[in-house]
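> I'm passing along entry_8.cif; it holds mmCIF, C-alpha atoms.
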```
data_query
loop_
_atom_site.label_atom_id
_atom_site.label_comp_id
_atom_site.auth_asym_id
_atom_site.auth_seq_id
_atom_site.Cartn_x
_atom_site.Cartn_y
_atom_site.Cartn_z
CA MET A 1 13.47 0.04 22.36
CA ALA A 2 13.67 2.93 24.83
CA PRO A 3 13.65 6.72 24.62
CA ASP A 4 17.02 8.39 24.18
CA ALA A 5 18.97 10.01 26.96
CA ALA A 6 17.19 13.32 26.47
CA GLY A 7 13.86 11.67 27.25
CA LYS A 8 12.62 11.88 23.68
CA GLY A 9 10.89 9.07 21.83
CA VAL A 10 12.75 6.67 19.57
CA LEU A 11 13.67 7.79 16.07
CA LEU A 12 13.27 4.52 14.16
CA LYS A 13 14.83 4.10 10.74
CA VAL A 14 13.26 1.27 8.75
CA ASP A 15 16.54 -0.41 7.72
CA PRO A 16 16.15 -3.45 10.02
CA ILE A 17 12.55 -3.88 8.86
CA ALA A 18 13.58 -3.65 5.22
CA GLU A 19 16.44 -6.10 5.70
CA ALA A 20 14.10 -8.93 6.67
CA PHE A 21 12.07 -8.45 3.50
CA ARG A 22 15.22 -8.03 1.41
CA ALA A 23 16.24 -11.50 2.53
CA GLU A 24 12.78 -12.82 1.64
CA VAL A 25 13.00 -11.33 -1.86
CA LYS A 26 16.52 -12.75 -2.32
CA ASP A 27 15.28 -16.20 -1.34
CA GLY A 28 12.35 -15.86 -3.73
CA LEU A 29 14.63 -14.90 -6.60
CA ALA A 30 16.98 -17.78 -5.83
CA ALA A 31 14.05 -20.20 -5.99
CA LEU A 32 13.12 -19.09 -9.51
CA ARG A 33 14.37 -21.46 -12.15
CA HIS A 34 12.78 -20.33 -15.39
CA ARG A 35 14.17 -16.76 -15.62
CA THR A 36 14.89 -13.56 -13.77
CA PRO A 37 11.73 -11.44 -13.44
CA THR A 38 11.58 -8.21 -15.41
CA LEU A 39 10.15 -4.98 -14.04
CA ILE A 40 9.26 -2.11 -16.36
CA GLY A 41 9.28 1.40 -14.91
CA ILE A 42 7.45 4.10 -16.87
CA LEU A 43 8.55 7.69 -16.33
CA ALA A 44 6.37 10.24 -18.12
CA THR A 45 7.28 13.56 -16.46
CA ASN A 46 10.44 15.46 -15.59
CA ALA A 47 9.38 15.86 -11.95
CA SER A 48 12.34 15.46 -9.59
CA PRO A 49 10.55 13.17 -7.06
CA SER A 50 9.52 10.78 -9.85
CA ARG A 51 13.02 10.75 -11.29
CA PHE A 52 14.47 10.13 -7.82
CA TYR A 53 12.08 7.21 -7.22
CA ALA A 54 12.95 5.73 -10.64
CA ASP A 55 16.66 5.87 -9.80
CA PHE A 56 15.96 4.39 -6.37
CA THR A 57 13.98 1.55 -7.95
CA ARG A 58 16.83 0.82 -10.36
CA LYS A 59 19.40 0.63 -7.54
CA GLN A 60 17.23 -1.68 -5.46
CA CYS A 61 16.57 -3.97 -8.43
CA GLU A 62 20.22 -4.10 -9.44
CA GLY A 63 21.23 -4.88 -5.85
CA LEU A 64 18.85 -7.83 -5.72
CA GLY A 65 19.28 -9.17 -9.26
CA VAL A 66 15.93 -8.07 -10.70
CA ARG A 67 15.98 -6.94 -14.34
CA PHE A 68 14.77 -3.32 -14.43
CA ILE A 69 14.01 -1.39 -17.62
CA LEU A 70 13.08 2.30 -17.48
CA LYS A 71 10.86 3.57 -20.28
CA GLU A 72 10.94 7.34 -20.61
CA VAL A 73 8.14 9.12 -22.44
CA GLY A 74 6.59 12.59 -22.51
CA SER A 75 8.58 15.34 -20.80
CA ALA A 76 10.89 12.72 -19.21
CA VAL A 77 12.62 12.33 -22.60
CA LYS A 78 15.63 14.62 -22.98
CA GLN A 79 14.91 17.22 -25.61
CA ASN A 80 17.42 17.69 -28.41
CA GLU A 81 18.21 21.16 -29.71
CA GLY A 82 15.52 22.34 -32.11
CA GLU A 83 13.17 19.53 -31.11
CA GLU A 84 9.61 20.37 -30.11
CA ALA A 85 9.01 20.08 -26.37
CA ARG A 86 7.00 17.06 -25.24
CA SER A 87 4.21 17.32 -22.71
CA ASP A 88 3.76 15.34 -19.50
CA GLY A 89 2.33 11.91 -20.20
CA ASP A 90 2.70 12.02 -23.96
CA GLY A 91 2.78 8.38 -25.10
CA VAL A 92 2.37 6.84 -21.63
CA GLU A 93 -0.78 4.89 -22.45
CA GLU A 94 0.82 3.24 -25.46
CA VAL A 95 3.85 2.17 -23.41
CA ILE A 96 1.62 0.62 -20.72
CA ILE A 97 -0.30 -1.37 -23.33
CA GLU A 98 2.93 -2.51 -24.96
CA ALA A 99 4.24 -3.76 -21.59
CA ASN A 100 0.94 -5.53 -20.88
CA GLU A 101 1.29 -7.48 -24.12
CA ASP A 102 4.98 -8.33 -23.67
CA ASP A 103 5.30 -11.87 -22.29
CA ASN A 104 8.82 -11.07 -21.11
CA VAL A 105 7.55 -8.39 -18.73
CA ASP A 106 6.49 -9.58 -15.27
CA GLY A 107 5.65 -6.28 -13.61
CA ILE A 108 4.79 -2.68 -14.46
CA MET A 109 5.09 0.41 -12.32
CA VAL A 110 4.21 3.93 -13.39
CA TYR A 111 5.67 6.97 -11.66
CA TYR A 112 2.73 9.12 -10.61
CA PRO A 113 1.50 11.82 -10.63
CA ILE A 114 1.41 12.41 -14.36
CA PHE A 115 -1.83 14.19 -15.20
CA GLY A 116 -3.33 14.01 -11.73
CA GLY A 117 -6.83 13.09 -10.60
CA GLN A 118 -9.11 10.97 -12.73
CA GLN A 119 -6.72 10.73 -15.67
CA ASP A 120 -4.07 9.05 -13.52
CA HIS A 121 -6.77 6.76 -12.11
CA TYR A 122 -7.65 5.82 -15.70
CA LEU A 123 -4.02 4.88 -16.37
CA GLN A 124 -3.96 2.72 -13.24
CA GLN A 125 -6.83 0.67 -14.67
CA ILE A 126 -5.00 0.13 -17.97
CA VAL A 127 -2.15 -1.74 -16.24
CA SER A 128 -2.95 -5.46 -16.32
CA PRO A 129 -3.77 -6.86 -12.83
CA LEU A 130 -1.40 -9.70 -13.68
CA LYS A 131 1.45 -7.16 -13.86
CA ASP A 132 0.34 -4.46 -11.40
CA VAL A 133 3.13 -4.58 -8.80
CA GLU A 134 1.87 -1.37 -7.20
CA GLY A 135 -1.53 -2.90 -6.46
CA LEU A 136 -3.42 0.14 -7.77
CA HIS A 137 -5.86 -1.63 -10.09
CA SER A 138 -9.50 -1.45 -9.01
CA LYS A 139 -9.57 -5.26 -8.77
CA PHE A 140 -7.05 -5.13 -5.92
CA HIS A 141 -8.77 -2.16 -4.29
CA TYR A 142 -12.06 -4.07 -4.41
CA ASN A 143 -10.41 -7.05 -2.71
CA LEU A 144 -8.81 -4.83 -0.08
CA TYR A 145 -11.95 -2.85 0.74
CA HIS A 146 -14.01 -6.03 0.99
CA ASN A 147 -11.33 -7.78 3.09
CA ILE A 148 -10.77 -10.41 0.41
CA ARG A 149 -7.34 -11.80 1.16
CA PHE A 150 -7.08 -14.88 -1.03
CA ILE A 151 -8.06 -15.33 -4.68
CA THR A 152 -7.63 -17.80 -7.50
CA PRO A 153 -4.96 -16.65 -9.98
CA ALA A 154 -7.48 -17.07 -12.82
CA SER A 155 -9.72 -14.42 -11.25
CA LEU A 156 -7.15 -11.74 -12.17
CA ALA A 157 -8.03 -12.25 -15.84
CA SER A 158 -11.70 -11.44 -15.16
CA THR A 159 -13.10 -7.91 -15.17
CA ILE A 160 -16.13 -8.80 -13.05
CA PRO A 161 -15.65 -8.90 -9.27
CA SER A 162 -17.27 -11.70 -7.34
CA SER A 163 -18.33 -12.13 -3.72
CA LYS A 164 -18.61 -15.91 -3.66
CA VAL A 165 -17.46 -17.29 -0.32
CA THR A 166 -15.83 -20.69 -0.15
CA GLN A 167 -14.64 -21.03 3.43
CA PRO A 168 -13.65 -18.86 6.42
CA ILE A 169 -10.04 -17.80 6.90
CA ILE A 170 -8.27 -18.70 10.12
CA ASP A 171 -4.65 -17.81 9.26
CA ASP A 172 -2.54 -16.17 6.56
CA ILE A 173 -1.85 -19.40 4.65
CA PRO A 174 -3.84 -19.48 1.37
CA PRO A 175 -6.25 -22.42 1.12
CA PRO A 176 -5.51 -24.95 -1.66
CA GLY A 177 -6.02 -23.48 -5.12
CA THR A 178 -5.75 -19.88 -3.94
CA VAL A 179 -3.06 -17.23 -3.61
CA LYS A 180 -2.75 -13.97 -1.72
CA SER A 181 -4.33 -10.93 -3.33
CA ILE A 182 -1.94 -8.09 -4.19
CA ILE A 183 -1.98 -5.20 -1.71
CA PRO A 184 -0.86 -1.64 -2.62
CA CYS A 185 2.81 -1.52 -1.74
CA THR A 186 2.94 1.69 0.33
CA PRO A 187 0.01 0.86 2.65
CA LEU A 188 1.40 -2.67 3.04
CA GLY A 189 4.83 -1.26 3.85
CA VAL A 190 3.33 0.85 6.64
CA VAL A 191 1.50 -2.18 8.07
CA LYS A 192 4.75 -4.16 8.08
CA CYS A 193 6.41 -1.35 10.05
CA LEU A 194 3.54 -1.39 12.56
CA GLU A 195 3.82 -5.17 12.89
CA TYR A 196 7.55 -4.83 13.58
CA ILE A 197 7.09 -2.39 16.47
CA GLY A 198 4.27 -4.40 18.06
CA VAL A 199 1.15 -2.46 17.14
CA TYR A 200 -0.25 -5.78 15.92
CA ASN A 201 -0.80 -8.32 18.69
CA ASN A 202 0.06 -11.85 17.54
CA ILE A 203 -1.83 -13.38 20.45
CA LEU A 204 -5.08 -12.21 18.87
CA THR A 205 -6.87 -14.00 16.03
CA TYR A 206 -5.49 -13.54 12.52
CA GLY A 207 -7.38 -10.73 10.79
CA ASP A 208 -8.07 -8.95 14.09
CA ARG A 209 -4.61 -8.32 15.50
CA ALA A 210 -4.92 -4.53 15.48
CA TYR A 211 -7.99 -4.75 17.74
CA GLY A 212 -7.84 -2.28 20.61
CA LYS A 213 -5.76 0.25 18.68
CA THR A 214 -7.04 3.65 17.58
CA VAL A 215 -5.32 5.05 14.49
CA THR A 216 -5.58 8.33 12.59
CA VAL A 217 -4.56 8.31 8.92
CA ILE A 218 -4.23 11.78 7.42
CA ASN A 219 -4.92 11.82 3.63
CA ARG A 220 -7.62 9.75 1.96
CA SER A 221 -6.14 9.29 -1.50
CA GLU A 222 -6.82 6.05 -3.35
CA VAL A 223 -3.05 5.46 -3.62
CA VAL A 224 -2.14 5.51 0.08
CA GLY A 225 -4.57 6.98 2.61
CA ARG A 226 -7.84 5.17 2.00
CA PRO A 227 -6.31 1.71 1.32
CA LEU A 228 -4.17 2.05 4.44
CA ALA A 229 -7.14 3.05 6.61
CA ALA A 230 -9.12 0.10 5.21
CA LEU A 231 -6.27 -2.35 5.85
CA LEU A 232 -5.97 -1.28 9.47
CA ALA A 233 -9.73 -1.33 10.06
CA ASN A 234 -10.03 -4.77 8.46
CA ASP A 235 -7.35 -5.91 10.89
CA GLY A 236 -9.48 -4.74 13.82
CA ALA A 237 -8.34 -1.17 14.50
CA ARG A 238 -10.62 1.81 14.98
CA VAL A 239 -9.44 4.20 12.27
CA PHE A 240 -10.07 7.89 11.71
CA SER A 241 -9.54 8.73 8.02
CA ALA A 242 -8.88 12.47 7.81
CA ASP A 243 -8.88 14.47 4.61
CA ILE A 244 -9.11 18.12 3.69
CA ASP A 245 -12.90 18.34 3.91
CA SER A 246 -14.03 15.58 6.27
CA ILE A 247 -13.14 12.88 8.77
CA GLN A 248 -14.54 9.37 8.45
CA GLU A 249 -14.42 6.54 10.96
CA TYR A 250 -13.60 3.05 9.69
CA THR A 251 -14.39 0.01 11.81
CA LYS A 252 -15.55 -3.56 11.36
CA ARG A 253 -17.15 -3.60 14.80
CA PRO A 254 -20.94 -3.14 14.57
CA ARG A 255 -21.96 0.31 15.81
CA PHE A 256 -24.90 -1.17 17.63
CA SER A 257 -24.78 -4.53 19.39
CA ASN A 258 -27.17 -7.27 18.32
CA PRO A 259 -27.97 -9.66 21.19
CA THR A 260 -29.23 -12.30 18.75
CA SER A 261 -25.99 -12.41 16.73
CA ALA A 262 -22.91 -14.39 17.75
CA ARG A 263 -20.67 -12.52 15.30
CA GLN A 264 -18.36 -10.07 17.01
CA TYR A 265 -17.45 -8.07 13.94
CA LEU A 266 -18.38 -7.57 10.31
CA PRO A 267 -16.67 -9.35 7.36
CA HIS A 268 -15.05 -6.04 6.36
CA HIS A 269 -14.86 -2.46 7.58
CA THR A 270 -17.65 0.05 7.16
CA SER A 271 -17.32 3.83 6.93
CA HIS A 272 -19.19 6.35 9.07
CA LEU A 273 -19.08 10.15 9.14
CA CYS A 274 -17.13 11.30 12.19
CA THR A 275 -18.14 14.36 14.20
CA LEU A 276 -14.77 14.67 15.97
CA SER A 277 -12.25 17.31 14.94
CA LEU A 278 -8.73 16.30 13.88
CA GLU A 279 -7.43 17.57 17.21
CA GLU A 280 -9.90 15.34 19.05
CA CYS A 281 -8.98 12.32 16.90
CA LEU A 282 -5.26 12.79 17.53
CA ALA A 283 -5.80 13.12 21.27
CA ILE A 284 -7.10 9.52 21.46
CA SER A 285 -4.96 7.91 18.73
CA ASP A 286 -2.34 5.31 19.58
CA VAL A 287 -0.91 5.63 16.07
CA VAL A 288 -0.83 8.66 13.75
CA ILE A 289 0.11 8.23 10.08
CA SER A 290 0.41 11.21 7.75
CA ALA A 291 0.76 11.11 3.97
CA VAL A 292 0.03 14.69 2.91
CA PRO A 293 2.01 15.70 -0.22
CA SER A 294 2.83 19.19 1.03
CA ALA A 295 5.96 20.62 2.60
CA SER A 296 3.89 23.16 4.53
CA TYR A 297 1.56 20.67 6.21
CA LYS A 298 2.51 19.73 9.78
CA VAL A 299 0.75 17.65 12.42
CA LYS A 300 0.74 19.68 15.61
CA THR A 301 2.80 17.98 18.31
CA GLU A 302 0.64 19.49 21.04
CA TRP A 303 -2.39 17.60 19.67
CA LEU A 304 -0.74 14.19 19.90
CA LYS A 305 -1.52 11.60 22.58
CA GLU A 306 1.35 11.10 25.00
CA GLY A 307 3.34 7.99 23.99
CA CYS A 308 1.73 7.54 20.57
CA ILE A 309 3.49 6.19 17.47
CA CYS A 310 3.94 8.53 14.51
CA VAL A 311 4.69 7.44 10.94
CA ASN A 312 5.56 9.85 8.14
CA VAL A 313 4.68 8.48 4.68
CA ALA A 314 4.90 11.70 2.65
CA ALA A 315 8.01 12.74 0.73
CA ASP A 316 8.00 15.88 2.90
CA LYS A 317 8.06 15.66 6.68
CA ASN A 318 4.47 16.05 7.93
CA PHE A 319 5.41 16.18 11.62
CA GLU A 320 6.93 19.03 13.58
CA LYS A 321 10.55 18.82 14.69
CA ASP A 322 9.57 18.23 18.30
CA VAL A 323 7.31 15.25 17.49
CA ARG A 324 9.40 12.94 19.71
CA ASP A 325 8.56 15.08 22.74
CA LYS A 326 5.17 13.33 22.62
CA ALA A 327 5.66 10.27 20.39
CA SER A 328 7.25 7.16 21.89
CA ILE A 329 8.35 6.06 18.39
CA TYR A 330 8.70 8.19 15.25
CA ILE A 331 9.27 6.60 11.83
CA PRO A 332 10.31 9.40 9.43
CA ALA A 333 10.14 7.43 6.15
CA VAL A 334 8.96 4.06 4.84
CA GLY A 335 10.33 4.08 1.27
CA LYS A 336 12.89 1.30 1.83
CA VAL A 337 10.13 -1.06 2.97
CA THR A 338 7.71 0.10 0.25
CA ILE A 339 10.08 -0.83 -2.58
CA LEU A 340 10.56 -4.31 -1.12
CA MET A 341 6.78 -4.77 -0.92
CA LEU A 342 6.72 -3.85 -4.61
CA LEU A 343 9.40 -6.41 -5.47
CA ARG A 344 7.64 -9.03 -3.37
CA ASN A 345 4.49 -8.28 -5.40
CA LEU A 346 6.58 -8.73 -8.54
CA LEU A 347 7.64 -12.22 -7.47
CA ARG A 348 4.08 -13.16 -6.57
CA LEU A 349 2.65 -11.93 -9.86
CA SER A 350 5.36 -13.79 -11.77
CA HIS A 351 4.22 -16.96 -9.99
CA TYR A 352 0.51 -16.16 -10.49
CA ASN A 353 1.10 -15.77 -14.22
CA ASP A 354 2.75 -19.18 -14.31
CA VAL A 355 -0.18 -20.92 -12.60
CA SER A 356 -3.11 -18.89 -14.02
CA ALA A 357 -5.31 -20.13 -16.82
CA PRO A 358 -7.51 -18.25 -19.31
CA SER A 359 -10.64 -19.39 -17.52
CA GLY A 360 -11.58 -20.97 -14.25
CA SER A 361 -13.13 -20.47 -10.88
CA GLU A 362 -13.79 -16.93 -9.75
CA ASP A 363 -13.86 -17.94 -6.09
CA ILE A 364 -12.50 -15.36 -3.68
CA ILE A 365 -12.30 -15.71 0.06
CA PRO A 366 -12.94 -12.95 2.60
CA ALA A 367 -11.39 -13.10 6.03
CA GLN A 368 -13.80 -13.84 8.83
#
```
Show this structure as structure tokens.

Amino acid sequence: MAPDAAGKGVLLKVDPIAEAFRAEVKDGLAALRHRTPTLIGILATNASPSRFYADFTRKQCEGLGVRFILKEVGSAVKQNEGEEARSDGDGVEEVIIEANEDDNVDGIMVYYPIFGGQQDHYLQQIVSPLKDVEGLHSKFHYNLYHNIRFITPASLASTIPSSKVTQPIIDDIPPPGTVKSIIPCTPLGVVKCLEYIGVYNNILTYGDRAYGKTVTVINRSEVVGRPLAALLANDGARVFSADIDSIQEYTKRPRFSNPTSARQYLPHHTSHLCTLSLEECLAISDVVISAVPSASYKVKTEWLKEGCICVNVAADKNFEKDVRDKASIYIPAVGKVTILMLLRNLLRLSHYNDVSAPSGSEDIIPAQ
């Protein structure tokens, strides 16, 4: 890829990235023999972005042959004349539980925000890990934050996390008896975009291929920002996690060298308070990712490092119009890749349900 004739950086649409994963999902569906997987979408508000995403999900599922059922509750239900208005989220918990207990349902996704804050987090924990295609359950967050990449399917039925190590990981192929843990679909989609444009170096050891890169992730929500920062740090990057009130630095490199230790990095990232300002972080960042849910928020182009890569994850554009004056590559949206990560999670969970048992080993394996 090269800058355009005007000398600006590349505006990269994610269609070619998405197409590769669309083919993977198609192949996975073709390999299924027992039945077509079913995805339940739960819409509990009348918010336009949630409705748009539900319609987008339906189109993608229909195009690939996935059975999609939209359950509308709360204010999403059309109100008949004379009928009492329904509030946001009314009945959502019951619908989640019903889908958990339905053996014909392979995956569940809920269109957030509904209540916001802790109440939405509570709903995320109600969704069964065996059906959580979004990867928002605390079990998956625990695995991600502790750099646990492979698990036994039976461990998803347990509510108690474990840290038992069985063997080191040297590549992305699950050892016998294990499967890949589910990763939140939006952070994973961003990582796949970064892999495509070469931010990850395949010459380096698996689990450390982002080593040498400095990344700033703006927004530290548990849905996108923090999991994404952790993913990148666990893959070797130095990551600045910026939020409204603080900046944290994520790294798995020890802050102080130990001459008696042969280990070059920690099993998973650690978090440290950062004394740099956002402007200072951006000035040294090879990659800048913003996921701020606000139309008014903009990353200042003048603060960016010359030749950096910028990725917009928010529904609104978080970068100024002249971002490509500084950025070598600008990705304005990742939604088409995100939905395919979700459908890939659906296929994996359908398989995990087939091979899981009510009880069994709780072994989980962190990357080394």
> Spell out the residues picked by the PyMOL selection byres ((chain A and resi 293) around 8) here, as a PyMOL selection string.
chain A and resi 291-292+294-295+314-316
> Compile the contact shell of Cys61 (chain A) as a PDB file with C-alpha atoms, keeping the file's coordinate frame: residues with an atom at most 12 Å away, counting only C-alpha atoms, same-chain residues fewer than 2 positions apart removed.

```pdb
ATOM      1  CA  ARG A  22      15.220  -8.030   1.410  1.00  0.00           C
ATOM      2  CA  VAL A  25      13.000 -11.330  -1.860  1.00  0.00           C
ATOM      3  CA  LYS A  26      16.520 -12.750  -2.320  1.00  0.00           C
ATOM      4  CA  LEU A  29      14.630 -14.900  -6.600  1.00  0.00           C
ATOM      5  CA  THR A  36      14.890 -13.560 -13.770  1.00  0.00           C
ATOM      6  CA  PRO A  37      11.730 -11.440 -13.440  1.00  0.00           C
ATOM      7  CA  THR A  38      11.580  -8.210 -15.410  1.00  0.00           C
ATOM      8  CA  LEU A  39      10.150  -4.980 -14.040  1.00  0.00           C
ATOM      9  CA  ILE A  40       9.260  -2.110 -16.360  1.00  0.00           C
ATOM     10  CA  GLY A  41       9.280   1.400 -14.910  1.00  0.00           C
ATOM     11  CA  ALA A  54      12.950   5.730 -10.640  1.00  0.00           C
ATOM     12  CA  ASP A  55      16.660   5.870  -9.800  1.00  0.00           C
ATOM     13  CA  PHE A  56      15.960   4.390  -6.370  1.00  0.00           C
ATOM     14  CA  THR A  57      13.980   1.550  -7.950  1.00  0.00           C
ATOM     15  CA  ARG A  58      16.830   0.820 -10.360  1.00  0.00           C
ATOM     16  CA  LYS A  59      19.400   0.630  -7.540  1.00  0.00           C
ATOM     17  CA  GLY A  63      21.230  -4.880  -5.850  1.00  0.00           C
ATOM     18  CA  LEU A  64      18.850  -7.830  -5.720  1.00  0.00           C
ATOM     19  CA  GLY A  65      19.280  -9.170  -9.260  1.00  0.00           C
ATOM     20  CA  VAL A  66      15.930  -8.070 -10.700  1.00  0.00           C
ATOM     21  CA  ARG A  67      15.980  -6.940 -14.340  1.00  0.00           C
ATOM     22  CA  PHE A  68      14.770  -3.320 -14.430  1.00  0.00           C
ATOM     23  CA  ILE A  69      14.010  -1.390 -17.620  1.00  0.00           C
ATOM     24  CA  LEU A  70      13.080   2.300 -17.480  1.00  0.00           C
ATOM     25  CA  ILE A 339      10.080  -0.830  -2.580  1.00  0.00           C
ATOM     26  CA  LEU A 340      10.560  -4.310  -1.120  1.00  0.00           C
ATOM     27  CA  LEU A 342       6.720  -3.850  -4.610  1.00  0.00           C
ATOM     28  CA  LEU A 343       9.400  -6.410  -5.470  1.00  0.00           C
ATOM     29  CA  ARG A 344       7.640  -9.030  -3.370  1.00  0.00           C
ATOM     30  CA  LEU A 346       6.580  -8.730  -8.540  1.00  0.00           C
TER      31      LEU A 346
END
```
> From the options A:Asn353, A:Ser128, A:Ser75, A:Gln60, which residue's atoms come nearest to Ser48 (chain A), counting only C-alpha atoms?
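Comparing A:Asn353, A:Ser128, A:Ser75, A:Gln60 against Ser48 (chain A), the winner is A:Ser75.
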> Can you tell me, as a list in words, what residues are no more than 8 Å from Ser290 (chain A) when counting only C-alpha atoms, ignoring any on the same chain fewer than 3 positions away?
Val217, Ile218, Asn219, Val299, Val311, Asn312, Val313, Ala314 and Asn318 of chain A
> Suppose you want the space between CA of Asp90 (chain A) and CA of Ile42 (chain A); what is it in Å?
11.6 Å
> Can you work out the spacing between CA of Ser87 (chain A) and CA of Pro129 (chain A) in Å, to one decimal?
27.3 Å
> Between CA of Ala44 (chain A) and CA of Ala85 (chain A), what is the spacing in Å?
13.1 Å
> List every protein, DNA or RNA residue that has an atom no more than 9 Å from (-0.8, 10.8, -14.4) in the file's coordinate frame, counting all atoms listed in the file, and report them as a PyMOL selection string.
chain A and resi 44-45+88-89+92+110-124
> Can you turn the PyMOL selection byres ((chain A and resi 272) around 12) into a concrete residue list for this file, as number ranges by chain?
A: 238-241, 246-255, 269-271, 273-276
> Would you write out, as a VMD selection string, every residue that the PyMOL selection byres ((chain A and resi 277-287) around 8) captures in this file?
chain A and resid 213 to 216 240 242 247 275 to 276 288 to 289 303 to 305 307 to 311
> Have a look at A:Gln79, A:Ser350, A:Thr186, A:Ser181 and name the one nearest to Val337 (chain A); count only C-alpha atoms.
A:Thr186
> List the neighbours of Val77 (chain A) out to 9 Å using all atoms listed in the file; skip same-chain residues closer than 4 positions along the sequence, and give me the result as a PyMOL selection string.
chain A and resi 43-46+72-73+86
> Pick from A:Lys300, A:His268, A:His34, A:Lys192: nearest to Arg324 (chain A), with all atoms listed in the file counted?
A:Lys300
> Could you check which of A:Phe150, A:Tyr200, A:Phe21, A:Tyr330 is closest to Pro174 (chain A), using only C-alpha atoms?
A:Phe150
> Restricting the calculation to all atoms listed in the file: of A:Leu347, A:Ala31, A:Ala76, A:Ala230, which residue gets closest to Lys131 (chain A)?
A:Leu347
> Would you compute the box with edges along x, y and z of the file around region 309-326 of chain A, including every atom the file lists for it and 8 Å extra on each side, and give its centre and edge lengths in Å to one decimal, as AutoDock Vina command-line options?

```
--center_x 7.0 --center_y 12.6 --center_z 11.7 --size_x 23.1 --size_y 28.8 --size_z 38.0
```
> Find, counting only C-alpha atoms, the residue in A:Ile182, A:Pro176, A:Tyr352, A:Val95 that gets nearest to Asn147 (chain A).
A:Ile182
> Show which residues sit within 12 Å of Pro227 (chain A), as a ChimeraX atom specification. Count all atoms listed in the file, and ignore same-chain residues fewer than 5 positions away.
/A:135-138,140-147,183-191,217-222,232-234,239,241,250,269
